[in-house]
$ cat protein_15.pdb   # PDB, C-alpha atoms
MODEL        1
ATOM      1  CA  MET A   1     -17.221  -4.411  24.313
ATOM      2  CA  ALA A   2     -14.695  -4.975  21.562
ATOM      3  CA  ALA A   3     -17.448  -6.056  19.190
ATOM      4  CA  CYS A   4     -18.724  -2.589  18.403
ATOM      5  CA  VAL A   5     -16.152  -0.346  16.857
ATOM      6  CA  ASP A   6     -14.589  -1.549  13.622
ATOM      7  CA  LYS A   7     -16.756  -0.694  10.628
ATOM      8  CA  TRP A   8     -14.373  -2.519   8.293
ATOM      9  CA  ASN A   9     -14.739  -5.853  10.083
ATOM     10  CA  PRO A  10     -18.147  -7.603  10.066
ATOM     11  CA  ALA A  11     -17.223  -9.275  13.355
ATOM     12  CA  TYR A  12     -17.515  -5.914  15.100
ATOM     13  CA  SER A  13     -21.201  -5.213  14.634
ATOM     14  CA  SER A  14     -23.168  -5.939  17.795
ATOM     15  CA  CYS A  15     -23.715  -2.347  18.883
ATOM     16  CA  ARG A  16     -22.902  -0.355  15.779
ATOM     17  CA  LEU A  17     -25.005   2.546  14.606
ATOM     18  CA  SER A  18     -27.552   1.419  12.065
ATOM     19  CA  ASP A  19     -26.218   3.870   9.514
ATOM     20  CA  SER A  20     -24.098   6.965   9.170
ATOM     21  CA  ILE A  21     -26.099  10.158   9.381
ATOM     22  CA  TYR A  22     -24.678  11.445   6.093
ATOM     23  CA  ARG A  23     -25.135   8.278   4.057
ATOM     24  CA  PHE A  24     -28.389   9.627   2.656
ATOM     25  CA  MET A  25     -26.332  11.594   0.147
ATOM     26  CA  PRO A  26     -26.520  10.662  -3.529
ATOM     27  CA  ASP A  27     -23.373   8.988  -4.770
ATOM     28  CA  CYS A  28     -22.094  11.932  -6.775
ATOM     29  CA  ALA A  29     -18.499  10.842  -6.767
ATOM     30  CA  MET A  30     -19.102   7.961  -9.152
ATOM     31  CA  GLU A  31     -18.302   8.155 -12.832
ATOM     32  CA  ASP A  32     -21.928   8.033 -13.958
ATOM     33  CA  CYS A  33     -22.903  11.063 -11.884
ATOM     34  CA  PRO A  34     -22.524  14.423 -13.674
ATOM     35  CA  LEU A  35     -20.045  16.583 -11.810
ATOM     36  CA  SER A  36     -19.525  19.464 -14.187
ATOM     37  CA  ALA A  37     -21.544  22.617 -14.404
ATOM     38  CA  SER A  38     -21.466  25.295 -17.054
ATOM     39  CA  VAL A  39     -20.729  28.829 -15.889
ATOM     40  CA  THR A  40     -21.535  32.089 -17.557
ATOM     41  CA  GLY A  41     -20.343  35.405 -16.173
ATOM     42  CA  ASP A  42     -17.587  38.007 -16.148
ATOM     43  CA  GLY A  43     -14.855  35.904 -14.522
ATOM     44  CA  ASN A  44     -15.113  37.763 -11.235
ATOM     45  CA  GLY A  45     -17.637  35.526  -9.555
ATOM     46  CA  ASN A  46     -20.587  37.227 -11.198
ATOM     47  CA  GLY A  47     -22.855  35.145 -13.369
ATOM     48  CA  CYS A  48     -25.135  32.134 -13.447
ATOM     49  CA  ARG A  49     -24.212  28.547 -12.792
ATOM     50  CA  GLU A  50     -26.244  25.584 -13.929
ATOM     51  CA  SER A  51     -26.880  22.637 -11.640
ATOM     52  CA  SER A  52     -24.237  19.903 -11.720
ATOM     53  CA  GLY A  53     -26.384  17.163 -10.189
ATOM     54  CA  ASP A  54     -24.112  17.162  -7.118
ATOM     55  CA  ASP A  55     -26.104  18.775  -4.300
ATOM     56  CA  VAL A  56     -23.128  19.508  -2.040
ATOM     57  CA  TRP A  57     -21.081  21.073  -4.831
ATOM     58  CA  ASP A  58     -24.060  23.075  -6.102
ATOM     59  CA  GLU A  59     -24.761  24.452  -2.625
ATOM     60  CA  MET A  60     -21.115  25.351  -2.129
ATOM     61  CA  CYS A  61     -21.006  27.169  -5.461
ATOM     62  CA  ALA A  62     -24.185  29.066  -4.580
ATOM     63  CA  GLU A  63     -22.581  30.125  -1.298
ATOM     64  CA  ALA A  64     -19.463  31.289  -3.156
ATOM     65  CA  GLN A  65     -21.582  33.204  -5.638
ATOM     66  CA  ALA A  66     -23.475  34.956  -2.836
ATOM     67  CA  ASP A  67     -20.249  35.906  -1.042
ATOM     68  CA  ALA A  68     -18.703  37.238  -4.254
ATOM     69  CA  GLU A  69     -21.745  39.377  -4.982
ATOM     70  CA  GLN A  70     -21.797  40.735  -1.426
ATOM     71  CA  GLU A  71     -18.035  41.415  -1.320
ATOM     72  CA  PRO A  72     -16.722  42.295  -4.802
ATOM     73  CA  LEU A  73     -13.149  42.165  -3.485
ATOM     74  CA  LEU A  74     -13.577  38.385  -3.188
ATOM     75  CA  GLY A  75     -14.883  37.927  -6.728
ATOM     76  CA  MET A  76     -11.657  36.796  -8.391
ATOM     77  CA  PHE A  77     -10.652  34.748  -5.323
ATOM     78  CA  TYR A  78     -13.898  32.765  -5.357
ATOM     79  CA  ALA A  79     -13.852  32.493  -9.142
ATOM     80  CA  ASP A  80     -10.361  30.992  -9.140
ATOM     81  CA  LEU A  81     -10.828  28.544  -6.266
ATOM     82  CA  VAL A  82     -14.471  27.522  -6.690
ATOM     83  CA  LEU A  83     -16.615  29.006  -9.429
ATOM     84  CA  SER A  84     -14.266  28.281 -12.348
ATOM     85  CA  ARG A  85     -13.844  24.634 -11.324
ATOM     86  CA  PRO A  86     -15.928  21.881 -12.923
ATOM     87  CA  SER A  87     -16.326  19.743  -9.790
ATOM     88  CA  LEU A  88     -15.587  19.475  -6.088
ATOM     89  CA  GLU A  89     -12.772  17.030  -6.865
ATOM     90  CA  ALA A  90     -11.098  19.455  -9.265
ATOM     91  CA  ALA A  91     -11.478  22.375  -6.874
ATOM     92  CA  LEU A  92     -10.124  20.356  -3.955
ATOM     93  CA  ALA A  93      -7.075  19.116  -5.849
ATOM     94  CA  ALA A  94      -6.215  22.640  -7.018
ATOM     95  CA  HIS A  95      -6.775  24.195  -3.582
ATOM     96  CA  LEU A  96      -4.668  21.608  -1.745
ATOM     97  CA  ALA A  97      -1.918  21.831  -4.359
ATOM     98  CA  ALA A  98      -1.672  25.585  -3.870
ATOM     99  CA  LYS A  99      -1.362  25.056  -0.107
ATOM    100  CA  LEU A 100       1.087  22.149  -0.159
ATOM    101  CA  CYS A 101       3.400  22.900  -3.088
ATOM    102  CA  VAL A 102       7.054  23.845  -2.562
ATOM    103  CA  PRO A 103       8.235  26.475  -5.083
ATOM    104  CA  GLY A 104      11.225  25.211  -7.001
ATOM    105  CA  ALA A 105      11.003  21.689  -5.586
ATOM    106  CA  LEU A 106       7.398  20.472  -5.658
ATOM    107  CA  PRO A 107       5.558  22.184  -8.535
ATOM    108  CA  GLN A 108       1.939  23.128  -7.934
ATOM    109  CA  ASP A 109       0.685  21.692 -11.233
ATOM    110  CA  ALA A 110       2.381  18.326 -10.688
ATOM    111  CA  LEU A 111       1.037  18.135  -7.143
ATOM    112  CA  ARG A 112      -2.454  19.005  -8.370
ATOM    113  CA  ASP A 113      -2.301  16.171 -10.878
ATOM    114  CA  LEU A 114      -1.111  13.739  -8.166
ATOM    115  CA  LEU A 115      -3.987  14.724  -5.865
ATOM    116  CA  ALA A 116      -6.580  14.652  -8.632
ATOM    117  CA  GLY A 117      -5.433  11.225  -9.794
ATOM    118  CA  ALA A 118      -5.570   9.782  -6.286
ATOM    119  CA  LEU A 119      -9.064  11.140  -5.662
ATOM    120  CA  GLU A 120     -10.336  10.029  -9.066
ATOM    121  CA  ALA A 121      -9.118   6.482  -8.476
ATOM    122  CA  HIS A 122     -10.823   6.317  -5.070
ATOM    123  CA  PRO A 123     -14.318   7.853  -5.317
ATOM    124  CA  GLU A 124     -15.114   6.729  -1.770
ATOM    125  CA  ALA A 125     -12.667   9.402  -0.596
ATOM    126  CA  THR A 126     -14.645  12.254  -2.108
ATOM    127  CA  ARG A 127     -17.950  10.788  -0.948
ATOM    128  CA  ASP A 128     -16.490  11.130   2.527
ATOM    129  CA  THR A 129     -15.308  14.650   1.658
ATOM    130  CA  ARG A 130     -18.903  15.673   1.022
ATOM    131  CA  ALA A 131     -19.924  14.171   4.349
ATOM    132  CA  ASP A 132     -17.112  16.146   6.026
ATOM    133  CA  LEU A 133     -18.408  19.401   4.547
ATOM    134  CA  LEU A 134     -21.933  18.681   5.753
ATOM    135  CA  ALA A 135     -20.601  17.746   9.179
ATOM    136  CA  ALA A 136     -18.785  21.067   9.556
ATOM    137  CA  ARG A 137     -21.845  23.031   8.481
ATOM    138  CA  ASP A 138     -24.192  21.127  10.779
ATOM    139  CA  ARG A 139     -22.017  20.769  13.905
ATOM    140  CA  ASP A 140     -19.777  23.809  14.062
ATOM    141  CA  PRO A 141     -21.677  26.970  15.061
ATOM    142  CA  ALA A 142     -18.786  29.007  13.634
ATOM    143  CA  CYS A 143     -19.303  27.486  10.170
ATOM    144  CA  ALA A 144     -22.109  29.344   8.415
ATOM    145  CA  LYS A 145     -21.344  28.001   4.944
ATOM    146  CA  MET A 146     -19.659  24.940   3.491
ATOM    147  CA  VAL A 147     -17.580  27.125   1.180
ATOM    148  CA  HIS A 148     -15.962  28.732   4.234
ATOM    149  CA  CYS A 149     -15.001  25.283   5.513
ATOM    150  CA  PHE A 150     -13.611  24.351   2.101
ATOM    151  CA  LEU A 151     -11.535  27.507   1.775
ATOM    152  CA  TYR A 152     -10.374  28.245   5.305
ATOM    153  CA  TYR A 153     -10.706  25.344   7.780
ATOM    154  CA  LYS A 154      -7.339  23.672   8.179
ATOM    155  CA  GLY A 155      -8.868  20.642   9.907
ATOM    156  CA  PHE A 156     -10.982  19.961   6.831
ATOM    157  CA  LEU A 157      -8.084  20.564   4.452
ATOM    158  CA  ALA A 158      -5.695  18.381   6.442
ATOM    159  CA  LEU A 159      -8.255  15.586   6.447
ATOM    160  CA  GLN A 160      -8.710  15.803   2.674
ATOM    161  CA  ALA A 161      -4.947  15.723   2.173
ATOM    162  CA  HIS A 162      -4.992  12.564   4.274
ATOM    163  CA  ARG A 163      -7.739  11.032   2.133
ATOM    164  CA  ALA A 164      -5.552  11.505  -0.950
ATOM    165  CA  ALA A 165      -2.485  10.203   0.902
ATOM    166  CA  HIS A 166      -4.406   7.145   2.122
ATOM    167  CA  ALA A 167      -5.544   6.451  -1.430
ATOM    168  CA  LEU A 168      -1.903   6.458  -2.564
ATOM    169  CA  TRP A 169      -0.843   4.360   0.444
ATOM    170  CA  SER A 170      -3.473   1.739  -0.377
ATOM    171  CA  GLU A 171      -1.974   1.469  -3.875
ATOM    172  CA  GLY A 172       1.474   0.783  -2.439
ATOM    173  CA  ARG A 173       2.741   4.283  -3.310
ATOM    174  CA  ALA A 174       4.294   5.001   0.065
ATOM    175  CA  ALA A 175       6.707   7.745  -1.026
ATOM    176  CA  PRO A 176       4.133  10.259  -2.370
ATOM    177  CA  ALA A 177       1.731   9.343   0.457
ATOM    178  CA  LEU A 178       4.368  10.215   3.055
ATOM    179  CA  LEU A 179       5.163  13.393   1.142
ATOM    180  CA  LEU A 180       1.540  14.524   1.472
ATOM    181  CA  GLN A 181       1.537  13.612   5.163
ATOM    182  CA  SER A 182       4.681  15.641   5.785
ATOM    183  CA  ARG A 183       3.497  18.699   3.886
ATOM    184  CA  ALA A 184       0.060  18.617   5.541
ATOM    185  CA  SER A 185       1.717  18.402   8.953
ATOM    186  CA  GLU A 186       3.955  21.374   8.158
ATOM    187  CA  VAL A 187       1.210  23.528   6.651
ATOM    188  CA  PHE A 188      -1.847  22.641   8.751
ATOM    189  CA  GLY A 189      -0.358  21.403  12.026
ATOM    190  CA  VAL A 190      -2.226  18.101  11.735
ATOM    191  CA  ASP A 191      -0.297  14.834  11.446
ATOM    192  CA  ILE A 192      -2.286  11.855  10.145
ATOM    193  CA  HIS A 193      -0.321   8.837   8.957
ATOM    194  CA  PRO A 194      -1.452   7.798   5.464
ATOM    195  CA  GLY A 195      -2.078   4.254   6.718
ATOM    196  CA  ALA A 196      -4.785   5.395   9.142
ATOM    197  CA  ARG A 197      -8.359   4.577   8.082
ATOM    198  CA  VAL A 198     -10.806   7.432   8.597
ATOM    199  CA  GLY A 199     -14.553   7.318   7.945
ATOM    200  CA  GLY A 200     -16.880  10.008   6.635
ATOM    201  CA  GLY A 201     -18.642  12.895   8.329
ATOM    202  CA  ILE A 202     -15.540  13.779  10.372
ATOM    203  CA  LEU A 203     -15.098  17.140  12.089
ATOM    204  CA  LEU A 204     -11.593  18.140  13.180
ATOM    205  CA  ASP A 205     -12.602  21.224  15.140
ATOM    206  CA  HIS A 206      -9.737  23.786  15.156
ATOM    207  CA  ALA A 207      -7.493  20.742  14.578
ATOM    208  CA  THR A 208      -4.153  22.177  15.728
ATOM    209  CA  GLY A 209      -1.975  19.427  17.162
ATOM    210  CA  VAL A 210      -4.120  16.450  16.129
ATOM    211  CA  VAL A 211      -2.003  13.309  15.679
ATOM    212  CA  ILE A 212      -3.372  10.002  14.315
ATOM    213  CA  GLY A 213      -1.121   6.966  14.013
ATOM    214  CA  GLU A 214      -0.605   4.463  11.228
ATOM    215  CA  THR A 215      -2.891   1.635  12.373
ATOM    216  CA  ALA A 216      -5.626   3.847  13.849
ATOM    217  CA  VAL A 217      -9.202   3.425  12.668
ATOM    218  CA  VAL A 218     -11.835   6.174  12.989
ATOM    219  CA  GLY A 219     -15.497   5.436  12.249
ATOM    220  CA  ASP A 220     -18.170   7.680  10.744
ATOM    221  CA  ASP A 221     -19.645  10.852  12.295
ATOM    222  CA  VAL A 222     -16.763  11.394  14.726
ATOM    223  CA  SER A 223     -15.799  14.808  16.102
ATOM    224  CA  ILE A 224     -12.235  15.402  17.305
ATOM    225  CA  LEU A 225     -11.137  18.640  18.950
ATOM    226  CA  HIS A 226      -7.682  20.195  18.915
ATOM    227  CA  GLY A 227      -4.660  18.625  20.533
ATOM    228  CA  VAL A 228      -5.988  15.051  20.347
ATOM    229  CA  THR A 229      -3.584  12.125  19.954
ATOM    230  CA  LEU A 230      -4.617   8.704  18.695
ATOM    231  CA  GLY A 231      -1.221   7.164  19.237
ATOM    232  CA  GLY A 232       0.806   4.189  20.339
ATOM    233  CA  THR A 233       2.285   3.467  23.727
ATOM    234  CA  GLY A 234       5.799   3.369  22.332
ATOM    235  CA  LYS A 235       6.273  -0.258  23.342
ATOM    236  CA  ALA A 236       4.284  -2.102  20.701
ATOM    237  CA  SER A 237       4.713  -2.848  17.009
ATOM    238  CA  GLY A 238       2.231  -3.931  14.389
ATOM    239  CA  ASP A 239      -1.412  -3.037  15.084
ATOM    240  CA  ARG A 240      -0.717  -0.541  17.858
ATOM    241  CA  HIS A 241      -3.137   2.387  17.548
ATOM    242  CA  PRO A 242      -6.722   3.100  18.727
ATOM    243  CA  LYS A 243      -9.920   1.935  17.033
ATOM    244  CA  VAL A 244     -12.593   4.624  17.376
ATOM    245  CA  GLY A 245     -16.234   3.726  16.738
ATOM    246  CA  HIS A 246     -19.023   5.709  15.102
ATOM    247  CA  GLY A 247     -20.510   8.853  16.611
ATOM    248  CA  VAL A 248     -17.672   9.362  19.099
ATOM    249  CA  LEU A 249     -16.727  12.766  20.544
ATOM    250  CA  ILE A 250     -13.103  13.278  21.676
ATOM    251  CA  GLY A 251     -12.451  16.408  23.726
ATOM    252  CA  ALA A 252      -9.551  18.836  23.416
ATOM    253  CA  GLY A 253      -6.157  17.581  24.498
ATOM    254  CA  ALA A 254      -7.243  13.975  24.995
ATOM    255  CA  SER A 255      -4.798  11.137  24.330
ATOM    256  CA  VAL A 256      -5.945   7.648  23.386
ATOM    257  CA  LEU A 257      -2.926   5.356  23.436
ATOM    258  CA  GLY A 258      -2.416   1.817  22.261
ATOM    259  CA  ASN A 259      -4.614  -0.662  20.442
ATOM    260  CA  VAL A 260      -7.669   0.190  22.548
ATOM    261  CA  ARG A 261     -11.261   0.330  21.350
ATOM    262  CA  ILE A 262     -13.582   3.300  21.819
ATOM    263  CA  GLY A 263     -17.159   2.091  21.414
ATOM    264  CA  ASP A 264     -19.871   3.750  19.321
ATOM    265  CA  GLY A 265     -21.377   6.861  20.868
ATOM    266  CA  ALA A 266     -18.686   7.218  23.548
ATOM    267  CA  LYS A 267     -17.307  10.505  24.854
ATOM    268  CA  ILE A 268     -13.701  11.138  25.797
ATOM    269  CA  GLY A 269     -13.377  14.157  28.075
ATOM    270  CA  ALA A 270     -10.927  16.997  27.486
ATOM    271  CA  GLY A 271      -7.440  16.138  28.665
ATOM    272  CA  ALA A 272      -8.250  12.475  29.314
ATOM    273  CA  VAL A 273      -5.579   9.817  28.884
ATOM    274  CA  VAL A 274      -7.248   6.618  27.689
ATOM    275  CA  LEU A 275      -5.265   3.412  28.100
ATOM    276  CA  ARG A 276      -8.115   0.864  28.197
ATOM    277  CA  ASP A 277     -11.200   0.069  26.128
ATOM    278  CA  VAL A 278     -14.185   2.413  26.515
ATOM    279  CA  PRO A 279     -17.608   0.732  26.095
ATOM    280  CA  CYS A 280     -20.307   2.019  23.762
ATOM    281  CA  GLY A 281     -22.238   5.024  25.069
ATOM    282  CA  THR A 282     -19.764   5.703  27.879
ATOM    283  CA  THR A 283     -18.034   8.906  28.945
ATOM    284  CA  ALA A 284     -14.403   8.545  30.071
ATOM    285  CA  VAL A 285     -12.502  11.316  31.872
ATOM    286  CA  GLY A 286      -9.293  11.760  33.818
ATOM    287  CA  ASN A 287      -5.732  10.435  33.784
ATOM    288  CA  PRO A 288      -5.885   7.502  33.550
ATOM    289  CA  ALA A 289      -9.394   7.779  32.120
ATOM    290  CA  LYS A 290     -12.300   6.183  33.967
ATOM    291  CA  ALA A 291     -16.021   5.970  33.203
ATOM    292  CA  ILE A 292     -18.327   8.450  34.979
ATOM    293  CA  GLY A 293     -22.050   8.361  35.699
ATOM    294  CA  LYS A 294     -24.405   5.753  37.095
ATOM    295  CA  LYS A 295     -25.463   3.705  34.099
ATOM    296  CA  PRO A 296     -24.812   3.355  30.363
ATOM    297  CA  ALA A 297     -26.508   5.791  28.040
ATOM    298  CA  PRO A 298     -29.509   4.410  26.122
ATOM    299  CA  GLN A 299     -29.005   3.456  22.495
ATOM    300  CA  ARG A 300     -29.266   6.602  20.389
ATOM    301  CA  ARG A 301     -30.181   7.305  16.800
ATOM    302  CA  PRO A 302     -27.149   8.210  14.620
ATOM    303  CA  GLU A 303     -28.103  11.901  14.619
ATOM    304  CA  ASP A 304     -28.206  11.925  18.439
ATOM    305  CA  GLN A 305     -24.732  10.524  18.970
ATOM    306  CA  PRO A 306     -22.187  12.755  20.795
ATOM    307  CA  GLY A 307     -19.986  13.026  17.727
ATOM    308  CA  VAL A 308     -22.879  14.681  15.906
ATOM    309  CA  THR A 309     -24.487  16.734  18.675
ATOM    310  CA  MET A 310     -21.132  17.926  20.119
ATOM    311  CA  GLU A 311     -22.758  17.678  23.560
ATOM    312  CA  GLN A 312     -19.964  17.565  26.130
ATOM    313  CA  ARG A 313     -22.008  17.661  29.348
ATOM    314  CA  TRP A 314     -23.002  14.554  31.305
ATOM    315  CA  SER A 315     -25.891  13.574  33.561
ATOM    316  CA  ASP A 316     -26.947  10.453  35.468
ATOM    317  CA  TYR A 317     -26.377   8.540  32.260
ATOM    318  CA  VAL A 318     -22.832   7.803  31.223
ATOM    319  CA  ILE A 319     -22.909  10.200  28.304
TER
ENDMDL
END

$ encode --input "protein_15.pdb" --output "structure tokens"
Amino acid sequence: MAACVDKWNPAYSSCRLSDSIYRFMPDCAMEDCPLSASVTGDGNGNGCRESSGDDVWDEMCAEAQADAEQEPLLGMFYADLVLSRPSLEAALAAHLAAKLCVPGALPQDALRDLLAGALEAHPEATRDTRADLLAARDRDPACAKMVHCFLYYKGFLALQAHRAAHALWSEGRAAPALLLQSRASEVFGVDIHPGARVGGGILLDHATGVVIGETAVVGDDVSILHGVTLGGTGKASGDRHPKVGHGVLIGAGASVLGNVRIGDGAKIGAGAVVLRDVPCGTTAVGNPAKAIGKKPAPQRRPEDQPGVTMEQRWSDYVI
């Protein structure tokens, strides 16, 4: 079973998904991809915006424009946070800085520059950001537009703060990485250690109380509901946190503890306490968690995995 959950290690490949559902996206976070767009208008969200060549950013700007035209009160708000920005990276750095700054101690402009520099140096982080936006739009019935996710969803924002913190952590800059972790935990109620490795197309639904430990690994196209802990047992050191495969769905209040492996396409039921490995395509429920159903689920396409469909029911298959 252990050979199917770690996307960073070629040894763990026997039952991996063939590809992430959102990897069809053009690589618009690279330097040779145009990310800026010219804007003409009155500064209140009214005007025309030319295409930037970044489909996700263009769609988000179009959504912001439509909202601003429908609700004039929001014109300046959308103009400041989205429509006046040259790229998704610039908008994200400014938005997070406004949320995480500490007046008089942690200036907003300096924090914006720190975030922007981290994201610029690690374009894979903002490729995953685009996948996260698409995941929220496609999976969450409460998310009608990506711009709403970008502006208001604390799970998304906490995850993007983590992506910047992880970029800094990978450069050996532990102090600012831990600063971002602490501020994100205080502001968003989501605590992700900057050492944790998190894939793309992640949905933290509601997100309150999510905790992810330092040596945890989360694959692509995973959905995690509120109150989930990917933690240690308290007795181990070193590599001590869960490894979650691709396409996994983890229900509200579940705890996965220790260096256990959750296989691709598995489901963890709400409130479950997982202390042992969970095979690919298996549903685990209870405390301690045990598999349910009569037989393993058949191999699914990436778009049919539980982490994408958000299907929490089960049948004769262990789904």

$ residues_around --input "protein_15.pdb" --residues "range 179-194 of chain A" --least-positions-apart "2" --cutoff "7 Å" --atoms "only C-alpha atoms" --output "list in words"
Leu100, Lys154, Ala158, Ala161, His162, Ala165, His166, Trp169, Ala175, Pro176, Ala177, Ala196, Ala207, Thr208, Gly209, Val210, Val211, Ile212, Gly213 and Glu214 of chain A

$ axis_aligned_box --input "protein_15.pdb" --around "range 121-135 of chain A" --padding-each-side "3 Å" --output "AutoDock Vina command-line options"
--center_x -15.5 --center_y 12.9 --center_z 0.4 --size_x 18.8 --size_y 19.1 --size_z 23.7

$ residues_around --input "protein_15.pdb" --residues "Gly251 in chain A" --least-positions-apart "2" --cutoff "12 Å" --atoms "all atoms listed in the file" --output "ChimeraX atom specification"
/A:203-207,210,222-229,248-249,253-256,266-274,283-286,306-307,310-313

$ atom_distance --input "protein_15.pdb" --atom1 "CA of Ala91 in chain A" --atom2 "CA of Ala62 in chain A"
14.5 Å

$ atom_distance --input "protein_15.pdb" --atom1 "CA of Leu115 in chain A" --atom2 "CA of Asp54 in chain A"
20.3 Å

$ closest_residue --input "protein_15.pdb" --among "A:Arg112, A:Arg173, A:Arg130, A:His246" --to "Asp221 in chain A" --atoms "only C-alpha atoms"
A:His246

$ resolve_selection --input "protein_15.pdb" --expression "the PyMOL selection byres ((chain A and resi 279) around 6)" --output "JSON, numbers by chain"
{"A": [1, 263, 278, 280, 282]}

$ closest_residue --input "protein_15.pdb" --among "A:Arg197, A:His241, A:Arg137, A:Arg276" --to "Ala291 in chain A" --atoms "all atoms listed in the file"
A:Arg276

$ residues_near_point --input "protein_15.pdb" --point "(-5.4, 1.9, 15.3)" --cutoff "8 Å" --atoms "all atoms listed in the file" --output "number ranges by chain"
A: 196, 213-217, 230-231, 239-244, 258-260

$ residues_around --input "protein_15.pdb" --residues "Val82 in chain A" --least-positions-apart "3" --cutoff "9 Å" --atoms "all atoms listed in the file" --output "list in words"
Met60, Cys61, Ala64, Phe77, Tyr78, Ala79, Arg85, Pro86, Ser87, Leu88, Ala91, Leu92, His95, Val147 and Leu151 of chain A

$ atom_distance --input "protein_15.pdb" --atom1 "CA of Ala252 in chain A" --atom2 "CA of Tyr152 in chain A"
20.4 Å

$ closest_residue --input "protein_15.pdb" --among "A:Ala125, A:Val308, A:Leu257, A:Val198" --to "Gly232 in chain A" --atoms "only C-alpha atoms"
A:Leu257

$ residues_around --input "protein_15.pdb" --residues "Ala144 in chain A" --least-positions-apart "6" --cutoff "12 Å" --atoms "only C-alpha atoms" --output "list of chain:residue names"
A:Met60, A:Glu63, A:Asp67, A:Leu133, A:Leu134, A:Ala135, A:Ala136, A:Arg137, A:Asp138, A:Phe150

$ closest_residue --input "protein_15.pdb" --among "A:Thr233, A:Arg261, A:Ala93, A:Pro107" --to "Ala164 in chain A" --atoms "all atoms listed in the file"
A:Ala93

$ closest_residue --input "protein_15.pdb" --among "A:Gly53, A:Gly201, A:Gly219, A:Pro72" --to "Arg139 in chain A" --atoms "all atoms listed in the file"
A:Gly201
